[in-house]
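Undergrad: Next comes the structure file structure25.cif, holding mmCIF, C-alpha atoms.
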data_target
loop_
_atom_site.label_atom_id
_atom_site.label_comp_id
_atom_site.auth_asym_id
_atom_site.auth_seq_id
_atom_site.Cartn_x
_atom_site.Cartn_y
_atom_site.Cartn_z
CA MET A 1 -34.10 -4.15 -92.76
CA ASN A 2 -37.82 -4.07 -93.26
CA TYR A 3 -40.42 -6.16 -91.48
CA SER A 4 -41.05 -8.58 -94.39
CA LYS A 5 -37.35 -9.50 -94.60
CA LEU A 6 -37.22 -10.18 -90.84
CA LYS A 7 -40.37 -12.27 -91.08
CA PHE A 8 -38.87 -14.27 -93.99
CA LEU A 9 -35.60 -14.80 -92.06
CA ALA A 10 -37.53 -15.96 -88.97
CA VAL A 11 -39.49 -18.48 -91.04
CA ILE A 12 -36.27 -19.86 -92.57
CA LEU A 13 -34.58 -20.21 -89.16
CA LEU A 14 -37.65 -21.88 -87.68
CA SER A 15 -37.79 -24.32 -90.61
CA ILE A 16 -34.13 -25.23 -90.22
CA THR A 17 -34.55 -25.77 -86.48
CA ILE A 18 -37.60 -27.98 -86.90
CA TYR A 19 -35.95 -29.99 -89.69
CA SER A 20 -32.72 -30.58 -87.74
CA CYS A 21 -34.62 -31.60 -84.59
CA SER A 22 -36.82 -34.02 -86.50
CA ASN A 23 -33.77 -35.64 -88.11
CA ASN A 24 -32.29 -36.45 -84.68
CA ASP A 25 -35.12 -38.94 -84.27
CA ASP A 26 -33.76 -40.85 -87.28
CA ILE A 27 -30.32 -41.35 -85.71
CA SER A 28 -30.04 -44.84 -84.28
CA ASP A 29 -27.47 -46.42 -82.03
CA PRO A 30 -25.03 -48.77 -83.76
CA ILE A 31 -26.10 -51.72 -81.57
CA THR A 32 -29.64 -52.39 -80.40
CA LEU A 33 -30.03 -53.13 -76.69
CA GLY A 34 -31.93 -56.39 -76.14
CA SER A 35 -30.44 -58.06 -79.24
CA ASN A 36 -29.01 -61.53 -78.81
CA VAL A 37 -25.40 -62.05 -79.85
CA THR A 38 -23.18 -65.14 -79.98
CA VAL A 39 -19.40 -64.89 -79.64
CA THR A 40 -16.97 -67.47 -81.01
CA ASN A 41 -13.18 -67.38 -81.22
CA THR A 42 -10.51 -68.45 -83.69
CA PHE A 43 -6.74 -68.30 -83.60
CA GLN A 44 -4.29 -68.10 -86.50
CA SER A 45 -0.51 -68.09 -86.29
CA THR A 46 2.39 -69.26 -88.39
CA ALA A 47 4.06 -70.49 -85.18
CA PHE A 48 1.11 -72.30 -83.54
CA THR A 49 -1.36 -73.23 -86.32
CA GLN A 50 0.93 -73.29 -89.39
CA GLY A 51 -1.01 -70.27 -90.70
CA ALA A 52 -4.45 -71.89 -90.57
CA GLU A 53 -7.34 -70.11 -88.84
CA LEU A 54 -8.61 -72.66 -86.30
CA ALA A 55 -11.63 -72.60 -84.01
CA ILE A 56 -10.45 -72.23 -80.43
CA GLU A 57 -12.17 -75.50 -79.57
CA ASP A 58 -9.70 -77.29 -81.87
CA LEU A 59 -6.77 -75.84 -79.93
CA PHE A 60 -8.29 -76.78 -76.56
CA HIS A 61 -9.45 -80.19 -77.79
CA GLN A 62 -13.11 -79.37 -77.13
CA PRO A 63 -16.19 -80.32 -79.18
CA ALA A 64 -17.13 -77.84 -81.93
CA GLY A 65 -19.01 -74.86 -80.49
CA ALA A 66 -18.32 -75.84 -76.86
CA LEU A 67 -16.72 -72.46 -76.08
CA ALA A 68 -19.28 -70.31 -77.93
CA ALA A 69 -21.47 -68.12 -75.72
CA THR A 70 -24.74 -66.27 -76.32
CA SER A 71 -26.08 -63.27 -74.42
CA SER A 72 -28.58 -60.44 -74.73
CA ILE A 73 -27.11 -56.93 -75.07
CA SER A 74 -27.85 -55.04 -71.83
CA GLU A 75 -26.34 -52.54 -69.43
CA SER A 76 -24.23 -55.28 -67.75
CA VAL A 77 -21.19 -57.24 -68.94
CA GLU A 78 -22.50 -59.72 -71.52
CA PHE A 79 -19.63 -62.20 -71.41
CA PRO A 80 -17.92 -62.23 -68.00
CA SER A 81 -14.90 -64.53 -67.92
CA TYR A 82 -15.36 -65.54 -71.56
CA LEU A 83 -13.13 -68.23 -73.01
CA LEU A 84 -12.21 -70.10 -69.84
CA ASN A 85 -11.77 -66.91 -67.78
CA LEU A 86 -9.68 -65.01 -70.32
CA TYR A 87 -11.72 -61.87 -71.08
CA ASP A 88 -14.66 -59.92 -69.72
CA ILE A 89 -16.42 -58.69 -72.87
CA ASP A 90 -18.92 -55.87 -72.54
CA ILE A 91 -21.07 -54.69 -75.43
CA ASP A 92 -23.28 -51.63 -75.25
CA LYS A 93 -25.11 -49.60 -77.85
CA ASN A 94 -21.92 -47.73 -78.87
CA SER A 95 -18.93 -49.92 -78.05
CA ILE A 96 -17.31 -53.28 -77.45
CA THR A 97 -14.84 -53.50 -74.55
CA PHE A 98 -12.44 -56.35 -73.74
CA GLU A 99 -10.65 -56.66 -70.40
CA LEU A 100 -8.10 -59.46 -69.96
CA VAL A 101 -9.02 -60.92 -66.56
CA ALA A 102 -6.83 -64.05 -66.47
CA LYS A 103 -4.11 -63.87 -63.83
CA ALA A 104 -0.38 -64.02 -64.59
CA ASP A 105 -0.15 -67.53 -63.12
CA ASP A 106 -3.29 -68.82 -64.89
CA ALA A 107 -2.93 -72.53 -65.70
CA THR A 108 -4.45 -72.13 -69.18
CA TYR A 109 -2.94 -68.82 -70.33
CA GLY A 110 0.02 -68.01 -68.04
CA ASP A 111 2.64 -69.39 -70.44
CA LEU A 112 1.08 -67.57 -73.43
CA PHE A 113 1.33 -63.97 -72.20
CA ARG A 114 3.55 -61.98 -74.56
CA VAL A 115 3.54 -59.30 -77.23
CA MET A 116 1.84 -60.95 -80.20
CA GLU A 117 4.03 -61.72 -83.19
CA ALA A 118 3.58 -60.86 -86.86
CA ASP A 119 1.07 -63.09 -88.69
CA THR A 120 -0.76 -63.93 -85.44
CA TYR A 121 -4.49 -63.21 -85.14
CA ASP A 122 -6.87 -63.81 -82.25
CA ARG A 123 -10.37 -63.25 -83.72
CA TYR A 124 -13.69 -62.87 -81.92
CA TYR A 125 -16.76 -63.32 -84.12
CA PHE A 126 -19.92 -61.60 -82.87
CA THR A 127 -23.02 -62.88 -84.65
CA PHE A 128 -26.19 -60.90 -83.92
CA GLU A 129 -29.69 -62.32 -84.28
CA ASN A 130 -30.77 -59.24 -86.23
CA ALA A 131 -29.17 -56.48 -88.28
CA GLN A 132 -27.20 -53.78 -86.49
CA ASP A 133 -26.43 -50.26 -87.75
CA ILE A 134 -22.63 -50.13 -87.62
CA ASN A 135 -20.98 -47.92 -90.19
CA GLY A 136 -17.47 -47.56 -88.79
CA PHE A 137 -15.33 -47.68 -85.67
CA THR A 138 -12.29 -46.45 -83.80
CA SER A 139 -10.08 -48.65 -81.63
CA SER A 140 -8.27 -47.61 -78.47
CA ASN A 141 -5.44 -50.04 -79.37
CA SER A 142 -3.57 -49.89 -82.66
CA SER A 143 -3.14 -53.70 -82.63
CA VAL A 144 -6.92 -54.26 -82.54
CA ASN A 145 -9.17 -53.94 -85.58
CA LEU A 146 -12.87 -54.44 -86.28
CA ARG A 147 -13.97 -56.19 -89.43
CA ILE A 148 -17.60 -55.65 -90.41
CA ASP A 149 -18.47 -58.83 -92.34
CA SER A 150 -22.20 -58.01 -92.60
CA ASP A 151 -24.93 -56.17 -90.70
CA THR A 152 -25.13 -59.21 -88.36
CA VAL A 153 -21.46 -60.26 -88.08
CA LEU A 154 -18.61 -58.26 -86.51
CA VAL A 155 -15.09 -59.60 -86.08
CA VAL A 156 -12.73 -58.15 -83.47
CA GLU A 157 -9.23 -58.98 -84.69
CA ILE A 158 -6.32 -58.77 -82.27
CA GLY A 159 -2.98 -58.89 -84.04
CA GLU A 160 0.70 -58.10 -84.17
CA GLY A 161 1.99 -55.89 -81.36
CA TYR A 162 -0.88 -56.55 -78.94
CA ASP A 163 0.51 -56.83 -75.41
CA PHE A 164 -1.33 -59.99 -74.35
CA LYS A 165 -1.04 -59.79 -70.56
CA PRO A 166 -3.23 -59.55 -67.43
CA GLY A 167 -5.01 -56.23 -67.00
CA GLN A 168 -4.83 -55.28 -70.68
CA SER A 169 -8.01 -53.75 -72.04
CA PHE A 170 -9.26 -52.03 -75.17
CA THR A 171 -12.44 -50.47 -76.47
CA ILE A 172 -13.83 -50.36 -79.96
CA THR A 173 -16.13 -47.35 -80.33
CA LEU A 174 -18.83 -47.86 -82.95
CA ASN A 175 -20.55 -45.36 -85.21
#
As structure tokens - that is how I would like this structure written.

TA:
Amino acid sequence: MNYSKLKFLAVILLSITIYSCSNNDDISDPITLGSNVTVTNTFQSTAFTQGAELAIEDLFHQPAGALAATSSISESVEFPSYLLNLYDIDIDKNSITFELVAKADDATYGDLFRVMEADTYDRYYFTFENAQDINGFTSSNSSVNLRIDSDTVLVVEIGEGYDFKPGQSFTITLN
């Protein structure tokens, strides 16, 4: 191979390296740290709500919006003991994690622990103050789905087959 071919090859490799490194700067995290987010909850079940999706406040006989919570996305748990001590919800730049923290004998939830039935949905609406860059997801639990309603609204939907019991946790990894 002569010198001019080696020189040409070196220039091409250098160009590819510079281009690929510069494109890494354009990759953003799905969720922006410091963003404010509000979480609300609904429940829908043929057995409990006759198939209607109801705000959780309706089921607990609370004023509208009384159980909503707002937090800023940070390195700590954004919603500790959310929904009357049911879940710790942690959001970071790449994931949303739920941990069921209520105890087996909890006065509010103790009688509700079970494997969730068909046509039952426990939905958590996350409304961000500004657009996020979420293009897809994976869930660590096959009974949990993420619905991307818009670039500011995500809906975590827990459904049929979810083992609703103390200690249960799942993570939705965002991309």

Undergrad: Under the PyMOL selection byres ((chain A and resi 90) around 6), which residues of this model are included? Write them out as a tab-separated table (two decimals) with C-alpha atoms, in the frame of the given file.

TA:
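See out20.tsv below for the written result:
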chain	number	residue	atom	x	y	z
A	77	VAL	CA	-21.19	-57.24	-68.94
A	78	GLU	CA	-22.50	-59.72	-71.52
A	89	ILE	CA	-16.42	-58.69	-72.87
A	91	ILE	CA	-21.07	-54.69	-75.43
A	96	ILE	CA	-17.31	-53.28	-77.45
A	97	THR	CA	-14.84	-53.50	-74.55

Undergrad: Tell me, in Å to one decimal, how far atom CA of A:Leu146 is from atom CA of A:Asn41.

TA: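 It comes out at 13.9 Å.
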
Undergrad: Give as a list in words the residues that the PyMOL selection byres ((chain A and resi 170) around 9) matches when applied to the coordinates above.

TA: Ile96, Thr97, Phe98, Glu99, Ser139, Ser140, Asn141, Val144, Gln168, Ser169, Thr171 and Ile172 of chain A

Undergrad: When distances are computed from all atoms listed in the file, which of A:Gln50, A:Ser81, A:Ser35, A:Ser142 shows the smallest separation from A:Glu129?

TA: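 Answer, going by the shortest atom-to-atom distance: A:Ser35.
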
Undergrad: Which residues, named as in the file, does the PyMOL selection byres ((chain A and resi 167) around 12) pick out? Answer as a list in words.

TA: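 Taken on the displayed file, the PyMOL selection byres ((chain A and resi 167) around 12) yields the residues Leu86, Tyr87, Asp88, Phe98, Glu99, Leu100, Val101, Ala102, Lys103, Ala104, Phe113, Asp163, Phe164, Lys165, Pro166, Gln168, Ser169 and Phe170 of chain A.
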
Undergrad: Which of these residues is nearest to A:Asp149, using all atoms listed in the file: A:Tyr162, A:Phe128, A:Asn175, A:Leu33?

TA: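 Of A:Tyr162, A:Phe128, A:Asn175, A:Leu33, the one nearest A:Asp149 is A:Phe128, counting all atoms listed in the file.
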
Undergrad: What does the distance from atom CA of A:Met116 to atom CA of A:Asn135 come to in Å, to one decimal?

TA: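 Atom-to-atom, atom CA of A:Met116 and atom CA of A:Asn135 are spaced 28.1 Å apart.
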
Undergrad: By how many Å are atom CA of A:Asn36 and atom CA of A:Phe126 apart?

TA: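 Atom CA of A:Phe126 lies at a distance of 10.0 Å from atom CA of A:Asn36.
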
Undergrad: Taking all atoms listed in the file into account, which of A:Ser74, A:Ser95, A:Thr120, A:Asn130 comes nearest A:Thr46?

TA: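 Of the candidates, the smallest distance to A:Thr46 is held by A:Thr120.
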
Undergrad: Pick out the residues sitting within 10 Å of A:Ala69, and hand them over as an MDAnalysis selection string; count only C-alpha atoms, and ignore anything fewer than 6 positions along from it in its own chain.

TA: chainID A and resid 37:41 78:79 82:83 126
